[in-house]
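What follows is a single structure, written as structure tokens, with notes after it.
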Amino acid sequence: MTVATDRRMTLKEYLTYDDGTDTQYELENGVLVPMGTESTGNTSIATLLMFAFGALGIPYYCLATKHKIEVRGDYATSRYPDLTVHSSESYAAIDGRKEACVELTDPSPMLVIEVVSPGTESTKNYKRDYQWKPREYADRGIAEFWQIDTEREWVKVGTLVSGAYQFVTFRGEDAIVSPTFPELELTAAIVLGA
């Protein structure tokens, strides 16, 4: 579902948009796309991962839920990942901004994690999570991208290689291997069971 507006929005308009509801939106080519209500499972997974990365000594301010990330599109586009692990440079770029949005001219975060929305391969949710976002985050130069799918019971860890992600899939008791954070000690089952 998209929200009808008279015209496409700019990133600046999106960042200051308020329709008086608690609805969160991504911006796709200038059009508002409502992000469904977060399930307790999704927020629990993001919280678990925040604690796990924090235990590695990553500064708390570099761990962010729901920081926006501007990506390239035909028109203004901004994504809203479930968890962002900022580099010190990407955090410094947004520090003090009214809206926590990593703009195209800012350094990229180290890692972005998406708990994917339910849907079959023919749905827009699936295409957004499995086709569009990987291309967009790769184009941003984000070194590592995770897709967590509770329906399919997997954690996919993508490493940026020659401008595209190469994914490794982890299930059950598989230890998740993060190239950016090799000291991370988590299994797929722990993450999916959050």
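By convention in this document, the chains of the structure tokens carry letters A, B, ... by their order, each chain's residues are numbered from 1, and ligands are numbered from 1 in the order they are shown.
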- Per-residue DSSP, segment 6-153 of chain A, filtered to alpha helix (DSSP H), as JSON, numbers by chain: {"A": [11, 12, 13, 14, 15, 16, 40, 41, 42, 43, 44, 45, 46, 47, 48, 49, 50, 51, 52, 53, 54, 88, 89, 90, 91, 92, 93, 94, 124, 125, 126, 127, 133, 134, 135, 136, 137, 138, 139, 140]}
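Here the DSSP assignment of strand (DSSP E), based on backbone atoms, applies within segment 154-185 of chain A to A:Trp154, A:Val155, A:Lys156, A:Val157, A:Gly158, A:Thr159, A:Leu160, A:Val161, A:Ala164, A:Tyr165, A:Gln166, A:Phe167, A:Val168, A:Thr169, A:Phe170.
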Dump as a tab-separated table the rows for residues of segment 14-76 of chain A within 9 Å of segment 135-143 of chain A: closest atom pair and distance in Å with one decimal, only C-alpha atoms counted, ordered by chain and rising residue number.
residue	atom	partner	partner_atom	distance
A:Ile69	CA	A:Tyr137	CA	8.8
A:Glu70	CA	A:Arg140	CA	8.6
A:Val71	CA	A:Glu136	CA	5.8
A:Arg72	CA	A:Glu136	CA	6.5
A:Gly73	CA	A:Glu136	CA	8.1
Same residues, N, CA and C atoms, saved as an mmCIF file, in the first residue's frame:
data_model
loop_
_atom_site.group_PDB
_atom_site.id
_atom_site.type_symbol
_atom_site.label_atom_id
_atom_site.label_comp_id
_atom_site.auth_asym_id
_atom_site.auth_seq_id
_atom_site.Cartn_x
_atom_site.Cartn_y
_atom_site.Cartn_z
ATOM 1 N N ILE A 69 17.975 5.602 6.087
ATOM 2 C CA ILE A 69 19.135 5.597 5.203
ATOM 3 C C ILE A 69 18.662 5.975 3.805
ATOM 4 N N GLU A 70 19.163 7.084 3.303
ATOM 5 C CA GLU A 70 18.819 7.492 1.937
ATOM 6 C C GLU A 70 19.566 6.602 0.955
ATOM 7 N N VAL A 71 18.842 6.123 -0.051
ATOM 8 C CA VAL A 71 19.416 5.299 -1.114
ATOM 9 C C VAL A 71 19.024 5.921 -2.453
ATOM 10 N N ARG A 72 19.732 5.513 -3.486
ATOM 11 C CA ARG A 72 19.417 6.051 -4.818
ATOM 12 C C ARG A 72 18.138 5.425 -5.364
ATOM 13 N N GLY A 73 17.372 6.243 -6.057
ATOM 14 C CA GLY A 73 16.180 5.793 -6.744
ATOM 15 C C GLY A 73 15.913 6.758 -7.877
#
- Message: When you count only C-alpha atoms, which of these residues is closest to Leu27 of chain A: A:Cys62, A:Val155, A:Ala76, A:Leu48?
- Response: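 Ranking A:Cys62, A:Val155, A:Ala76, A:Leu48 by distance to Leu27 of chain A, first place goes to A:Ala76.
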Which residues come within 8 Å of segment 146-149 of chain A, counting only C-alpha atoms, excluding same-chain residues fewer than 5 positions away, as a JSON list (two decimals) with N, CA, C and O atoms, in the first residue's frame?
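Okay, around.json is ready:
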[["chain", "number", "residue", "atom", "x", "y", "z"],
["A", 111, "LEU", "N", 26.98, -1.94, 8.87],
["A", 111, "LEU", "CA", 26.08, -3.08, 8.75],
["A", 111, "LEU", "C", 24.65, -2.59, 8.86],
["A", 111, "LEU", "O", 24.34, -1.72, 9.66],
["A", 112, "VAL", "N", 23.78, -3.18, 8.03],
["A", 112, "VAL", "CA", 22.35, -2.92, 8.10],
["A", 112, "VAL", "C", 21.64, -4.27, 8.20],
["A", 112, "VAL", "O", 21.98, -5.22, 7.49],
["A", 113, "ILE", "N", 20.65, -4.33, 9.10],
["A", 113, "ILE", "CA", 19.89, -5.56, 9.31],
["A", 113, "ILE", "C", 18.41, -5.29, 9.08],
["A", 113, "ILE", "O", 17.85, -4.34, 9.62],
["A", 114, "GLU", "N", 17.80, -6.15, 8.27],
["A", 114, "GLU", "CA", 16.37, -6.08, 8.00],
["A", 114, "GLU", "C", 15.71, -7.39, 8.45],
["A", 114, "GLU", "O", 16.16, -8.47, 8.06],
["A", 115, "VAL", "N", 14.68, -7.29, 9.27],
["A", 115, "VAL", "CA", 13.81, -8.43, 9.54],
["A", 115, "VAL", "C", 12.74, -8.33, 8.47],
["A", 115, "VAL", "O", 11.94, -7.40, 8.47],
["A", 116, "VAL", "N", 12.77, -9.26, 7.51],
["A", 116, "VAL", "CA", 11.95, -9.11, 6.31],
["A", 116, "VAL", "C", 10.47, -9.28, 6.62],
["A", 116, "VAL", "O", 10.09, -9.94, 7.58],
["A", 117, "SER", "N", 9.66, -8.66, 5.77],
["A", 117, "SER", "CA", 8.21, -8.75, 5.90],
["A", 117, "SER", "C", 7.73, -10.06, 5.31],
["A", 117, "SER", "O", 8.34, -10.60, 4.39],
["A", 129, "ASP", "N", 12.17, -6.46, -0.06],
["A", 129, "ASP", "CA", 13.16, -6.97, 0.89],
["A", 129, "ASP", "C", 14.27, -7.79, 0.24],
["A", 129, "ASP", "O", 15.42, -7.74, 0.68],
["A", 154, "TRP", "N", 15.56, -18.46, 8.41],
["A", 154, "TRP", "CA", 16.96, -18.29, 8.06],
["A", 154, "TRP", "C", 17.45, -16.89, 8.36],
["A", 154, "TRP", "O", 16.67, -15.94, 8.48],
["A", 155, "VAL", "N", 18.76, -16.80, 8.49],
["A", 155, "VAL", "CA", 19.47, -15.53, 8.57],
["A", 155, "VAL", "C", 20.45, -15.55, 7.41],
["A", 155, "VAL", "O", 21.28, -16.45, 7.30],
["A", 156, "LYS", "N", 20.30, -14.57, 6.52],
["A", 156, "LYS", "CA", 21.22, -14.47, 5.38],
["A", 156, "LYS", "C", 22.17, -13.30, 5.66],
["A", 156, "LYS", "O", 21.72, -12.20, 5.96],
["A", 157, "VAL", "N", 23.46, -13.58, 5.55],
["A", 157, "VAL", "CA", 24.47, -12.55, 5.75],
["A", 157, "VAL", "C", 25.11, -12.27, 4.40],
["A", 157, "VAL", "O", 25.69, -13.16, 3.78],
["A", 158, "GLY", "N", 24.94, -11.03, 3.95],
["A", 158, "GLY", "CA", 25.49, -10.62, 2.67],
["A", 158, "GLY", "C", 26.75, -9.80, 2.85],
["A", 158, "GLY", "O", 26.79, -8.87, 3.66],
["A", 192, "LEU", "N", 16.51, -16.19, 15.60],
["A", 192, "LEU", "CA", 15.13, -16.42, 15.18],
["A", 192, "LEU", "C", 14.22, -16.69, 16.37],
["A", 192, "LEU", "O", 13.01, -16.43, 16.31]]
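In terms of minimum interatomic distance to Leu104 of chain A, A:Lys68 ranks closest within A:Leu49, A:Lys68, A:Thr150, A:Val191, counting only C-alpha atoms.
Once Thr65 of chain A and its same-chain neighbours fewer than 2 positions away are set aside, His67, Asp82 and Leu83 of chain A remain within 6 Å of it when counting only C-alpha atoms.
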Dump all heavy atoms for the selected residues as a CSV table (one decimal), in the first residue's frame?
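Output contents, as saved in part.csv:
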chain,number,residue,atom,x,y,z
A,67,HIS,N,17.0,4.1,12.2
A,67,HIS,CA,17.6,5.3,11.6
A,67,HIS,C,17.3,5.1,10.1
A,67,HIS,O,17.5,4.1,9.5
A,67,HIS,CB,19.1,5.3,11.9
A,67,HIS,CG,19.4,5.9,13.2
A,67,HIS,ND1,20.7,6.3,13.5
A,67,HIS,CD2,18.7,6.2,14.3
A,67,HIS,CE1,20.7,6.8,14.7
A,67,HIS,NE2,19.5,6.7,15.2
A,82,ASP,N,15.7,-2.3,10.4
A,82,ASP,CA,15.4,-2.6,11.8
A,82,ASP,C,16.6,-2.4,12.7
A,82,ASP,O,16.4,-2.0,13.9
A,82,ASP,CB,15.0,-4.1,11.9
A,82,ASP,CG,13.7,-4.3,11.2
A,82,ASP,OD1,12.7,-3.9,11.7
A,82,ASP,OD2,13.7,-4.9,10.1
A,83,LEU,N,17.8,-2.5,12.2
A,83,LEU,CA,19.0,-2.2,13.0
A,83,LEU,C,20.1,-1.8,12.1
A,83,LEU,O,20.4,-2.3,11.1
A,83,LEU,CB,19.5,-3.5,13.8
A,83,LEU,CG,20.7,-3.3,14.7
A,83,LEU,CD1,20.4,-2.3,15.9
A,83,LEU,CD2,21.2,-4.6,15.3
- Query: Which residues, written as a PyMOL selection string, have at least one atom at most 12 Å from Phe53 of chain A, with only C-alpha atoms counted and residues fewer than 6 positions away on the same chain left out?
  - Reply: chain A and resi 46-47+59-64+83-86+111+178+180-186
- Please, what distance in Å, to one decimal, runs between atom CA of Asp74 of chain A and atom CA of Asn29 of chain A? 5.7 Å
- Selection: 10 Å around segment 9-21 of chain A, only C-alpha atoms, excl. self and same-chain fewer than 5 positions, as a list in words: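 Here the answer would be Glu26, Leu27, Glu28, Asn29, Gly30, Val31, Leu32, Lys68, Glu70, Tyr75, Ala76, Thr77, Ser78, Lys98, Glu99, Ala100, Cys101 and Glu103 of chain A.
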- Pick out the closest residue to Leu160 of chain A from this set: A:Pro134, A:Pro118, A:Gly96, A:Gly172. Count only C-alpha atoms. A:Pro134
- At what distance in Å, to one decimal, does atom CA of Ile58 of chain A lie from atom CA of Glu89 of chain A? 13.5 Å
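Of note, atom CA of Pro109 of chain A and atom CA of Tyr80 of chain A are spaced 13.0 Å apart.
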- Query: Pick from A:Glu151, A:Val102, A:Phe145, A:Val161: nearest to Tyr126 of chain A, with only C-alpha atoms counted?
  - Reply: A:Glu151
